[in-house]
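For reference, start-v6.txt (compact mmCIF, C-alpha atoms):
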```
# COMPACT_ATOMS: atom_id res chain seq x y z
CA MET A 4 -7.99 26.18 -17.81
CA MET A 5 -6.93 22.75 -19.02
CA ASN A 6 -3.74 24.17 -20.59
CA ARG A 7 -2.96 26.02 -17.36
CA ASN A 8 -3.40 22.82 -15.32
CA LEU A 9 -1.14 20.92 -17.70
CA ALA A 10 1.51 23.63 -17.40
CA ILE A 11 1.41 23.40 -13.61
CA VAL A 12 1.72 19.61 -13.75
CA PHE A 13 4.68 19.91 -16.12
CA MET A 14 6.54 22.36 -13.87
CA LEU A 15 5.90 20.27 -10.77
CA THR A 16 6.94 17.00 -12.32
CA ALA A 17 10.03 18.53 -13.91
CA THR A 18 11.14 19.77 -10.49
CA ALA A 19 10.25 16.51 -8.78
CA ALA A 20 12.28 14.55 -11.32
CA GLN A 21 15.51 15.70 -9.71
CA PRO A 22 17.03 12.99 -7.42
CA LEU A 23 16.00 13.62 -3.81
CA CYS A 24 19.60 13.66 -2.65
CA GLY A 25 21.42 14.35 -5.89
CA GLN A 26 23.05 10.95 -6.49
CA ASP A 27 24.66 10.70 -9.92
CA ASP A 28 23.07 7.80 -11.84
CA ARG A 29 26.37 7.18 -13.63
CA HIS A 30 27.55 5.29 -10.53
CA ALA A 31 26.16 1.86 -11.39
CA THR A 32 28.03 0.03 -8.60
CA VAL A 33 27.60 0.88 -4.92
CA VAL A 34 28.98 -0.80 -1.81
CA LEU A 35 27.09 -0.26 1.44
CA THR A 36 29.35 -0.79 4.43
CA GLY A 37 29.12 -0.93 8.21
CA ALA A 38 25.41 -1.65 8.74
CA ARG A 39 23.85 -4.57 10.52
CA LEU A 40 21.63 -6.50 8.10
CA LEU A 41 18.19 -8.00 8.47
CA ASP A 42 18.55 -11.71 7.83
CA PRO A 43 16.52 -12.97 4.82
CA SER A 44 14.34 -14.88 7.27
CA GLY A 45 13.44 -11.57 8.91
CA GLN A 46 13.96 -13.02 12.39
CA ARG A 47 17.37 -11.65 13.38
CA LEU A 48 20.03 -9.09 12.61
CA LEU A 49 23.39 -10.06 11.15
CA ASP A 50 26.68 -8.48 12.12
CA PRO A 51 27.91 -5.70 9.80
CA ARG A 52 28.97 -6.79 6.34
CA ASP A 53 29.20 -5.19 2.92
CA VAL A 54 26.32 -5.17 0.44
CA LEU A 55 27.20 -4.75 -3.24
CA LEU A 56 24.59 -3.13 -5.51
CA ARG A 57 24.80 -3.04 -9.27
CA ASP A 58 22.22 -2.14 -11.90
CA GLY A 59 19.47 -1.93 -9.31
CA LYS A 60 20.06 -5.36 -7.78
CA ILE A 61 21.82 -6.81 -4.73
CA VAL A 62 24.65 -8.77 -6.33
CA ALA A 63 26.78 -9.76 -3.33
CA ILE A 64 26.79 -9.72 0.48
CA GLY A 65 30.06 -10.08 2.34
CA ARG A 66 33.58 -8.66 2.26
CA THR A 67 34.25 -6.50 -0.80
CA GLU A 68 37.57 -4.77 -0.03
CA ASN A 69 39.61 -4.27 -3.23
CA ALA A 70 37.12 -6.38 -5.20
CA HIS A 71 35.41 -3.38 -6.78
CA PRO A 72 37.82 -0.42 -6.79
CA ASP A 73 35.48 1.75 -8.89
CA ALA A 74 32.46 1.29 -6.69
CA VAL A 75 30.99 4.15 -4.68
CA ARG A 76 31.32 3.21 -1.01
CA VAL A 77 28.57 4.38 1.35
CA ASP A 78 29.33 4.15 5.07
CA LEU A 79 26.26 3.10 7.09
CA SER A 80 28.09 2.35 10.32
CA GLY A 81 25.79 2.27 13.31
CA LEU A 82 22.69 1.74 11.22
CA THR A 83 20.48 -1.25 10.44
CA LEU A 84 19.81 -2.15 6.80
CA LEU A 85 16.58 -3.86 5.76
CA PRO A 86 14.32 -4.10 2.70
CA GLY A 87 12.25 -1.12 1.64
CA LEU A 88 8.78 -1.17 3.16
CA ILE A 89 5.59 -2.07 1.29
CA ASP A 90 2.08 -0.72 1.92
CA LEU A 91 -0.62 -2.80 0.24
CA HIS A 92 -3.49 -0.37 0.78
CA SER A 93 -2.83 3.19 -0.32
CA HIS A 94 -4.84 5.96 -1.96
CA LEU A 95 -2.46 8.53 -3.43
CA LEU A 96 -5.40 10.43 -4.92
CA LEU A 97 -6.91 11.10 -1.48
CA HIS A 98 -5.72 13.38 1.30
CA PRO A 99 -6.66 13.36 5.01
CA TYR A 100 -10.36 13.54 5.78
CA ASN A 101 -9.80 16.24 8.40
CA GLU A 102 -8.61 18.48 5.54
CA ALA A 103 -11.53 17.74 3.23
CA THR A 104 -14.28 15.15 3.46
CA TRP A 105 -14.26 12.21 1.07
CA ASN A 106 -17.43 13.56 -0.58
CA ASP A 107 -15.85 16.97 -1.15
CA GLN A 108 -12.70 15.46 -2.61
CA VAL A 109 -14.68 13.36 -5.08
CA LEU A 110 -17.25 16.03 -6.02
CA LYS A 111 -15.42 19.34 -5.73
CA GLU A 112 -11.70 18.83 -6.37
CA SER A 113 -10.54 18.64 -9.98
CA VAL A 114 -8.66 15.60 -11.21
CA GLY A 115 -5.81 17.94 -12.14
CA LEU A 116 -5.50 19.25 -8.58
CA ARG A 117 -5.80 15.78 -7.11
CA THR A 118 -3.09 14.44 -9.41
CA ILE A 119 -0.73 17.29 -8.55
CA ARG A 120 -1.30 16.63 -4.86
CA ALA A 121 -0.69 12.92 -5.48
CA VAL A 122 2.73 13.72 -6.94
CA THR A 123 3.76 15.24 -3.62
CA ALA A 124 2.12 12.35 -1.74
CA ALA A 125 4.18 9.86 -3.74
CA ALA A 126 7.41 11.68 -2.89
CA ALA A 127 6.49 11.77 0.81
CA THR A 128 5.76 8.04 0.73
CA LEU A 129 9.16 7.25 -0.74
CA GLU A 130 10.95 9.54 1.70
CA ALA A 131 9.25 7.63 4.53
CA GLY A 132 10.91 4.40 3.38
CA PHE A 133 7.94 2.84 1.59
CA THR A 134 9.48 1.92 -1.73
CA THR A 135 6.46 -0.04 -3.05
CA ILE A 136 2.72 0.45 -2.67
CA ARG A 137 -0.48 -1.06 -3.99
CA ASP A 138 -2.82 1.82 -4.76
CA LEU A 139 -6.35 0.51 -4.26
CA GLY A 140 -8.60 2.90 -6.10
CA THR A 141 -8.52 6.46 -7.37
CA GLU A 142 -11.85 7.38 -5.71
CA GLY A 143 -13.33 9.34 -8.59
CA ALA A 144 -10.04 10.31 -10.26
CA GLY A 145 -10.37 7.88 -13.15
CA PHE A 146 -7.13 6.26 -14.24
CA ALA A 147 -4.80 8.86 -12.72
CA ASP A 148 -3.01 6.17 -10.69
CA LEU A 149 -1.76 4.61 -13.93
CA ALA A 150 -0.19 7.92 -14.95
CA LEU A 151 1.49 8.20 -11.54
CA ARG A 152 2.73 4.61 -11.78
CA ASP A 153 4.23 5.13 -15.22
CA ALA A 154 5.74 8.54 -14.39
CA ILE A 155 7.51 7.04 -11.35
CA ALA A 156 8.68 3.99 -13.30
CA SER A 157 10.24 6.28 -15.93
CA ARG A 158 11.84 8.45 -13.17
CA MET A 159 9.88 11.48 -14.27
CA ILE A 160 8.84 11.99 -10.64
CA PRO A 161 10.01 10.40 -7.36
CA GLY A 162 7.77 7.91 -5.66
CA PRO A 163 7.28 4.28 -4.71
CA ARG A 164 6.83 1.46 -7.17
CA ILE A 165 3.05 1.36 -7.74
CA PHE A 166 0.75 -1.59 -8.33
CA ALA A 167 -2.44 0.16 -9.47
CA ALA A 168 -6.07 -0.93 -9.15
CA THR A 169 -7.60 2.02 -11.06
CA ARG A 170 -11.29 2.73 -10.35
CA ALA A 171 -12.54 -0.21 -8.21
CA ILE A 172 -15.86 -1.90 -8.99
CA VAL A 173 -19.08 -1.29 -7.02
CA ALA A 174 -22.73 -2.29 -7.36
CA THR A 175 -25.55 0.14 -8.03
CA GLY A 176 -26.55 2.04 -4.90
CA CYS A 177 -23.62 0.64 -2.97
CA TYR A 178 -21.05 3.45 -2.92
CA GLY A 179 -20.69 7.19 -2.56
CA PRO A 180 -21.14 10.02 -2.82
CA SER A 181 -24.64 9.18 -1.63
CA GLY A 182 -27.57 10.69 0.23
CA PHE A 183 -28.71 13.04 -2.54
CA ASP A 184 -32.21 13.56 -3.89
CA PRO A 185 -32.86 10.55 -6.16
CA ARG A 186 -33.67 12.93 -9.03
CA TRP A 187 -29.97 13.68 -9.40
CA SER A 188 -27.39 11.30 -10.81
CA MET A 189 -24.16 12.00 -8.93
CA PRO A 190 -20.63 10.98 -9.98
CA LYS A 191 -19.33 7.98 -8.04
CA GLY A 192 -15.95 7.25 -6.52
CA ALA A 193 -15.70 3.93 -8.38
CA GLN A 194 -17.02 2.13 -11.46
CA VAL A 195 -20.63 0.96 -11.12
CA ALA A 196 -21.45 -2.44 -12.59
CA ASP A 197 -24.23 -4.99 -12.10
CA GLY A 198 -24.88 -8.57 -13.11
CA VAL A 199 -22.40 -11.14 -14.37
CA ASP A 200 -22.08 -9.52 -17.79
CA GLY A 201 -21.77 -6.04 -16.28
CA VAL A 202 -18.97 -6.88 -13.86
CA ARG A 203 -17.11 -8.78 -16.56
CA ARG A 204 -17.33 -5.73 -18.80
CA ALA A 205 -16.03 -3.43 -16.03
CA THR A 206 -13.17 -5.80 -15.26
CA ARG A 207 -12.26 -5.97 -18.94
CA GLU A 208 -12.28 -2.19 -19.20
CA GLN A 209 -9.94 -1.83 -16.26
CA ILE A 210 -7.64 -4.55 -17.61
CA ALA A 211 -7.51 -2.79 -20.98
CA ALA A 212 -6.65 0.50 -19.28
CA GLY A 213 -3.62 -1.11 -17.66
CA ALA A 214 -4.67 -2.15 -14.15
CA ASP A 215 -2.26 -4.33 -12.16
CA TRP A 216 -4.99 -5.39 -9.71
CA ILE A 217 -8.76 -5.42 -9.72
CA LYS A 218 -10.53 -4.14 -6.62
CA VAL A 219 -14.14 -5.01 -5.87
CA TYR A 220 -16.40 -3.83 -3.06
CA ALA A 221 -17.96 -7.05 -1.73
CA ASP A 222 -19.96 -5.08 0.82
CA TYR A 223 -20.69 -1.49 1.74
CA ARG A 224 -22.99 0.82 3.70
CA ARG A 225 -26.12 0.52 1.56
CA ARG A 226 -28.77 1.77 3.97
CA SER A 227 -29.23 4.76 6.24
CA ASP A 228 -28.40 2.70 9.34
CA GLY A 229 -24.66 2.97 8.63
CA LYS A 230 -24.13 -0.80 8.65
CA SER A 231 -22.35 -2.73 5.92
CA TYR A 232 -24.23 -5.31 3.86
CA PRO A 233 -23.03 -7.63 1.06
CA THR A 234 -23.34 -6.05 -2.37
CA PHE A 235 -22.40 -8.46 -5.16
CA SER A 236 -23.83 -11.96 -5.46
CA GLN A 237 -21.61 -15.02 -5.48
CA ASP A 238 -22.00 -15.30 -9.27
CA GLU A 239 -20.95 -11.67 -9.75
CA LEU A 240 -17.85 -12.02 -7.57
CA ASP A 241 -16.98 -15.28 -9.31
CA ALA A 242 -17.17 -13.47 -12.65
CA VAL A 243 -14.87 -10.64 -11.54
CA VAL A 244 -12.22 -13.05 -10.31
CA ASP A 245 -12.56 -15.33 -13.34
CA GLU A 246 -12.19 -12.43 -15.77
CA ALA A 247 -9.17 -11.02 -13.92
CA ARG A 248 -7.58 -14.46 -13.63
CA SER A 249 -7.90 -14.98 -17.39
CA VAL A 250 -5.12 -12.40 -17.85
CA GLY A 251 -3.21 -13.27 -14.69
CA LEU A 252 -4.44 -10.40 -12.52
CA PRO A 253 -5.36 -10.83 -8.83
CA VAL A 254 -8.38 -9.34 -7.07
CA ALA A 255 -8.60 -7.43 -3.79
CA ALA A 256 -11.95 -7.28 -2.02
CA HIS A 257 -13.15 -4.57 0.32
CA ALA A 258 -15.11 -6.66 2.81
CA VAL A 259 -15.97 -6.24 6.47
CA THR A 260 -18.93 -8.60 6.98
CA ASP A 261 -18.74 -12.36 7.40
CA GLU A 262 -21.00 -13.09 4.43
CA ALA A 263 -19.15 -10.77 2.04
CA ILE A 264 -15.80 -12.24 3.07
CA ARG A 265 -17.13 -15.78 2.56
CA ARG A 266 -18.32 -14.92 -0.93
CA ALA A 267 -15.03 -13.23 -1.78
CA VAL A 268 -12.95 -16.15 -0.51
CA ARG A 269 -15.09 -18.64 -2.43
CA ALA A 270 -14.63 -16.53 -5.55
CA GLY A 271 -10.84 -16.70 -5.18
CA VAL A 272 -9.76 -13.17 -4.25
CA LYS A 273 -6.19 -12.74 -3.07
CA THR A 274 -6.70 -10.21 -0.28
CA ILE A 275 -9.44 -9.01 2.05
CA GLU A 276 -9.26 -5.34 2.93
CA HIS A 277 -10.39 -4.30 6.43
CA GLY A 278 -12.22 -7.44 7.65
CA SER A 279 -13.42 -5.58 10.72
CA GLU A 280 -16.43 -7.83 11.47
CA ALA A 281 -14.79 -11.11 10.48
CA SER A 282 -15.47 -14.01 12.85
CA ALA A 283 -12.91 -16.61 13.91
CA GLU A 284 -14.65 -19.02 11.53
CA VAL A 285 -14.28 -16.77 8.51
CA PHE A 286 -10.64 -16.01 9.38
CA ALA A 287 -10.04 -19.76 9.40
CA LEU A 288 -11.67 -19.93 5.97
CA MET A 289 -9.27 -17.24 4.76
CA ARG A 290 -6.30 -19.03 6.30
CA ASP A 291 -7.19 -22.34 4.67
CA GLY A 292 -7.77 -20.64 1.33
CA GLY A 293 -4.49 -18.69 1.42
CA VAL A 294 -6.32 -15.35 1.41
CA VAL A 295 -4.37 -12.50 3.04
CA LEU A 296 -5.75 -9.87 5.42
CA CYS A 297 -4.82 -6.20 5.07
CA PRO A 298 -6.27 -4.82 8.33
CA THR A 299 -6.02 -1.02 7.73
CA LEU A 300 -5.87 -0.30 11.47
CA ALA A 301 -4.43 3.17 10.98
CA ALA A 302 -7.44 4.38 9.00
CA GLY A 303 -9.87 3.47 11.76
CA ASP A 304 -7.58 5.06 14.33
CA ALA A 305 -7.39 8.26 12.28
CA ILE A 306 -11.15 8.50 11.80
CA ALA A 307 -11.66 8.06 15.55
CA ARG A 308 -9.21 10.91 16.18
CA TYR A 309 -10.99 13.14 13.67
CA ALA A 310 -14.17 12.52 15.65
CA GLY A 311 -12.49 13.86 18.78
CA TRP A 312 -10.99 10.78 20.44
CA LYS A 313 -7.69 11.33 22.24
CA VAL A 314 -5.24 8.56 23.03
CA GLY A 315 -5.29 7.88 26.76
CA THR A 316 -9.04 8.26 27.05
CA PRO A 317 -11.39 5.24 26.78
CA ASP A 318 -11.33 3.64 23.35
CA PRO A 319 -14.29 4.54 21.14
CA PRO A 320 -16.31 1.67 19.61
CA ARG A 321 -14.41 1.83 16.31
CA VAL A 322 -11.06 1.25 18.03
CA VAL A 323 -12.46 -1.43 20.33
CA LYS A 324 -13.75 -3.23 17.24
CA SER A 325 -10.39 -2.97 15.45
CA LYS A 326 -8.47 -4.37 18.41
CA ALA A 327 -10.86 -7.29 18.80
CA MET A 328 -10.72 -8.07 15.07
CA PHE A 329 -6.94 -8.05 15.05
CA ARG A 330 -6.78 -10.37 18.06
CA ARG A 331 -9.09 -12.82 16.27
CA ALA A 332 -6.96 -12.61 13.14
CA LEU A 333 -3.75 -13.30 15.06
CA ALA A 334 -5.30 -16.23 16.89
CA SER A 335 -6.59 -17.74 13.64
CA GLY A 336 -3.20 -17.90 11.94
CA VAL A 337 -4.42 -16.05 8.85
CA THR A 338 -1.63 -14.34 6.91
CA ILE A 339 -1.53 -10.61 7.70
CA ALA A 340 0.19 -8.06 5.47
CA CYS A 341 0.73 -4.33 5.89
CA GLY A 342 -2.09 -2.29 4.39
CA SER A 343 -2.84 1.04 6.03
CA ASP A 344 -5.48 2.84 3.89
CA VAL A 345 -3.19 5.88 3.87
CA GLY A 346 -4.90 8.83 2.25
CA VAL A 347 -7.46 8.71 5.02
CA PHE A 348 -4.48 10.07 6.97
CA THR A 349 -1.30 11.82 5.83
CA HIS A 350 0.89 10.27 3.14
CA GLY A 351 4.36 9.61 4.48
CA GLU A 352 2.91 8.49 7.82
CA ASN A 353 2.32 4.91 6.64
CA HIS A 354 4.36 3.72 9.62
CA ARG A 355 1.31 4.35 11.79
CA GLU A 356 -0.04 1.00 10.60
CA LEU A 357 3.11 -0.79 11.76
CA LYS A 358 2.94 0.88 15.16
CA LEU A 359 -0.68 -0.17 15.66
CA MET A 360 -0.05 -3.74 14.53
CA VAL A 361 2.49 -4.03 17.35
CA ALA A 362 0.25 -2.20 19.84
CA TYR A 363 -2.61 -4.59 19.02
CA GLY A 364 -0.54 -7.71 19.63
CA MET A 365 1.78 -8.60 16.74
CA SER A 366 5.52 -8.93 17.40
CA PRO A 367 7.81 -6.32 15.80
CA ALA A 368 9.58 -9.05 13.81
CA LYS A 369 6.28 -10.27 12.36
CA VAL A 370 5.26 -6.70 11.55
CA VAL A 371 8.52 -6.08 9.68
CA GLN A 372 7.88 -9.28 7.75
CA ALA A 373 4.29 -8.17 7.03
CA ALA A 374 5.65 -4.97 5.46
CA THR A 375 8.44 -6.64 3.48
CA ALA A 376 8.56 -10.33 2.47
CA THR A 377 4.89 -11.10 3.13
CA ALA A 378 3.69 -8.05 1.22
CA ALA A 379 6.05 -8.84 -1.65
CA GLY A 380 4.57 -12.33 -1.82
CA VAL A 381 1.07 -10.86 -2.11
CA LEU A 382 2.31 -8.89 -5.11
CA SER A 383 3.75 -12.12 -6.63
CA ARG A 384 7.20 -10.59 -6.24
CA GLY A 385 8.43 -12.77 -3.40
CA ASP A 386 11.30 -14.07 -5.53
CA ASP A 387 12.91 -10.67 -6.14
CA LEU A 388 11.42 -8.08 -3.77
CA GLY A 389 11.09 -7.66 -0.01
CA ARG A 390 14.26 -9.40 1.19
CA LEU A 391 17.85 -8.36 1.72
CA GLU A 392 19.29 -11.18 -0.33
CA THR A 393 21.51 -11.68 -3.37
CA GLY A 394 19.56 -11.36 -6.61
CA TYR A 395 16.82 -9.21 -5.12
CA VAL A 396 15.87 -5.68 -6.15
CA ALA A 397 17.97 -3.12 -4.26
CA ASP A 398 15.07 -1.39 -2.51
CA LEU A 399 16.52 -0.81 0.96
CA ILE A 400 16.28 1.44 4.00
CA ALA A 401 18.78 2.13 6.76
CA VAL A 402 17.45 3.04 10.21
CA SER A 403 18.87 3.92 13.61
CA GLY A 404 18.15 1.12 16.07
CA ASN A 405 16.74 -2.38 15.93
CA PRO A 406 13.28 -2.65 14.30
CA LEU A 407 12.89 -6.20 15.61
CA ALA A 408 12.84 -4.76 19.12
CA ASP A 409 11.32 -1.32 18.51
CA ILE A 410 9.09 -0.83 15.49
CA ALA A 411 9.21 2.95 16.02
CA VAL A 412 12.72 3.15 14.51
CA LEU A 413 11.13 2.65 11.08
CA ARG A 414 9.42 6.03 11.35
CA ASN A 415 12.36 8.11 10.11
CA PRO A 416 14.72 6.14 7.86
CA VAL A 417 18.18 7.64 7.62
CA VAL A 418 18.80 6.37 4.09
CA VAL A 419 16.33 5.19 1.44
CA ILE A 420 17.57 3.30 -1.62
CA GLN A 421 15.35 2.52 -4.58
CA ASP A 422 16.50 0.34 -7.47
CA GLY A 423 20.07 0.74 -6.24
CA ARG A 424 19.90 4.56 -6.16
CA ILE A 425 20.16 6.56 -2.95
CA VAL A 426 17.05 8.73 -3.02
CA VAL A 427 17.12 9.91 0.62
CA ASP A 428 20.25 10.50 2.70
CA ARG A 429 19.87 12.03 6.16
CA ARG A 430 23.27 10.98 7.56
```

Output the structure of this file as structure tokens.
Amino acid sequence: MMNRNLAIVFMLTATAAQPLCGQDDRHATVVLTGARLLDPSGQRLLDPRDVLLRDGKIVAIGRTENAHPDAVRVDLSGLTLLPGLIDLHSHLLLHPYNEATWNDQVLKESVGLRTIRAVTAAAATLEAGFTTIRDLGTEGAGFADLALRDAIASRMIPGPRIFAATRAIVATGCYGPSGFDPRWSMPKGAQVADGVDGVRRATREQIAAGADWIKVYADYRRRSDGKSYPTFSQDELDAVVDEARSVGLPVAAHAVTDEAIRRAVRAGVKTIEHGSEASAEVFALMRDGGVVLCPTLAAGDAIARYAGWKVGTPDPPRVVKSKAMFRRALASGVTIACGSDVGVFTHGENHRELKLMVAYGMSPAKVVQAATATAAGVLSRGDDLGRLETGYVADLIAVSGNPLADIAVLRNPVVVIQDGRIVVDRR
């Protein structure tokens, strides 16, 4: 069975390795012409001008006639060119919960099947214009995200640049699958660790495996009442962050309650995921500490829909809560970056997060920034990723319309460029 699974993976990845639009990699120099450009500030569009790409980087912006006679010229007239989008909260090893519950995916689907499905999810993500993601936990699939990351980086398969968090760290009794007879020890969707020594050990193991980020669950639904409660103590969270920091890795914290967020911010995490119960006070604490919020609005919206809610009818409590949280976050001035929790819903529909950020009160220009320059800064790549600027990585998308006025135009990019290569061309 294992040999058969490996054969299937090989055939799928060999097919996926073909360029999505057949561009010949021998063309190292490309000139993009005719498109309006998003200004590096992200606040306005510039009149059409040429963009010169070479060896995966943006090397010049301006007039290029006759300067590079051997360059491949790509006419983008009528389109708007901006940086490739970034989603800071993705789960490539999950698929929508209306197809299979989270419990069933973790307990019943093989890692081989989940990895094969993730290959197609990665391709769909790239085709949707998201050229970089942070994958925040494999949810029971071990270190499969590292294999996906490395396969994409070597161009074995198409997909976004991945910053991987591997297994995530949870406390005993504080994650799923749960609800089983206590006689049985069930597999978990993350790595269980307890105490200062235990969480240090787990962090070290994930670092050694090749993690780019460490993810910790600072709270979770621990009791039958369905409410979230803090899980790790302050000392335990401090130890996770200290151990990760010793090798230069940042930490993301799943946290929805005030107390868990406070502990995580004190510990020095870089991002808070969800934050749905955060008060104005705790958002101010995040703002002052430079901790970024990834609100994952699209996941809550999707779960409400799976439960039967239809847009246009009264908002269910989950959606009411998300809207109120986002209003508090905006009012506080905390930095907000795009993080959708895609995997709860369909890969390639990451744009749903952008749409909801606008619907809940953020300007389209700020949302574009949250999914480009701000997100790149969270990844410590603000000096070479997430801007349309000379010297930056040539991850770009071209869209019809003005995303600063209508965020919906980002839904179907006409052209997607990754590392200077055209990987999607729908002209």

Interatomic distance between CA of Gln209 in chain A and CA of Asp245 in chain A?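 So the two atoms, CA of Gln209 in chain A and CA of Asp245 in chain A, lie 14.1 Å apart.
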
Could you check which of A:Arg152, A:Lys324, A:Arg204, A:Arg164 is closest to Ala379 in chain A, using all atoms listed in the file?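 Of all the options, A:Arg164 lies closest to Ala379 in chain A.
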
Please provide as a list in words all residues within 12 Å of Ala408 in chain A, with the sequence filter that same-chain residues fewer than 2 positions apart are discarded (counting all atoms listed in the file). Gln46, Arg47, Leu48, Val361, Met365, Ser366, Pro367, Ala368, Lys369, Val370, Val371, Ser403, Gly404, Asn405, Pro406, Ile410, Ala411, Val412 and Leu413 of chain A

To one decimal place, how far is CA of Thr118 in chain A from CA of Ala144 in chain A in Å?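 These two atoms are separated by 8.1 Å.
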
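Near range 351-358 of chain A, within 6 Å and counting all atoms listed in the file, sit A:Ala127, A:Thr128, A:Ala131, A:Ala301, A:Ser343, A:Arg414, not including residues fewer than 5 positions from it in the same chain.
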
Residues from last step as file, C-alpha atoms, as a PDB file, in the frame of the given file:
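Saved as out-v1.pdb:
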```pdb
ATOM      1  CA  ALA A 127       6.490  11.770   0.810  1.00  0.00           C
ATOM      2  CA  THR A 128       5.760   8.040   0.730  1.00  0.00           C
ATOM      3  CA  ALA A 131       9.250   7.630   4.530  1.00  0.00           C
ATOM      4  CA  ALA A 301      -4.430   3.170  10.980  1.00  0.00           C
ATOM      5  CA  SER A 343      -2.840   1.040   6.030  1.00  0.00           C
ATOM      6  CA  ARG A 414       9.420   6.030  11.350  1.00  0.00           C
TER       7      ARG A 414
END
```

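Closest approach to Ala255 in chain A from the set A:Ile155, A:Ala63, A:Val272, A:Val33 is made by A:Val272, with distances taken over all atoms listed in the file.
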
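The residue that comes closest to Arg39 in chain A, out of A:Lys230, A:Arg52, A:Arg120, A:Lys60 and on the basis of only C-alpha atoms, is A:Arg52.
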
Name the residues in contact with Tyr363 in chain A at a cut-off of 8 Å, using all atoms listed in the file, excluding same-chain residues fewer than 6 positions from it; report them as a list in words.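 Neighbouring residues, sequence-local ones excluded: Lys326, Phe329 and Arg330 of chain A.
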
Within 12 Å of Glu208 in chain A using only C-alpha atoms, minus same-chain residues under 3 positions, as a ChimeraX atom specification: /A:145-146,168-172,194,196,201-205,211-214,217,243,246-247

Show which residues sit within 10 Å of Arg269 in chain A, as a PDB file with C-alpha atoms, keeping the file's coordinate frame. Count only C-alpha atoms, and ignore same-chain residues fewer than 3 positions away.
```
ATOM      1  CA  GLN A 237     -21.610 -15.020  -5.480  1.00  0.00           C
ATOM      2  CA  LEU A 240     -17.850 -12.020  -7.570  1.00  0.00           C
ATOM      3  CA  ASP A 241     -16.980 -15.280  -9.310  1.00  0.00           C
ATOM      4  CA  ALA A 263     -19.150 -10.770   2.040  1.00  0.00           C
ATOM      5  CA  ILE A 264     -15.800 -12.240   3.070  1.00  0.00           C
ATOM      6  CA  ARG A 265     -17.130 -15.780   2.560  1.00  0.00           C
ATOM      7  CA  ARG A 266     -18.320 -14.920  -0.930  1.00  0.00           C
ATOM      8  CA  VAL A 272      -9.760 -13.170  -4.250  1.00  0.00           C
ATOM      9  CA  LEU A 288     -11.670 -19.930   5.970  1.00  0.00           C
ATOM     10  CA  MET A 289      -9.270 -17.240   4.760  1.00  0.00           C
ATOM     11  CA  GLY A 292      -7.770 -20.640   1.330  1.00  0.00           C
TER      12      GLY A 292
END
```

Nearest residue to Ile425 in chain A from the set A:Pro99, A:Pro185, A:Gly346, A:Gly132 (distances using only C-alpha atoms): A:Gly132
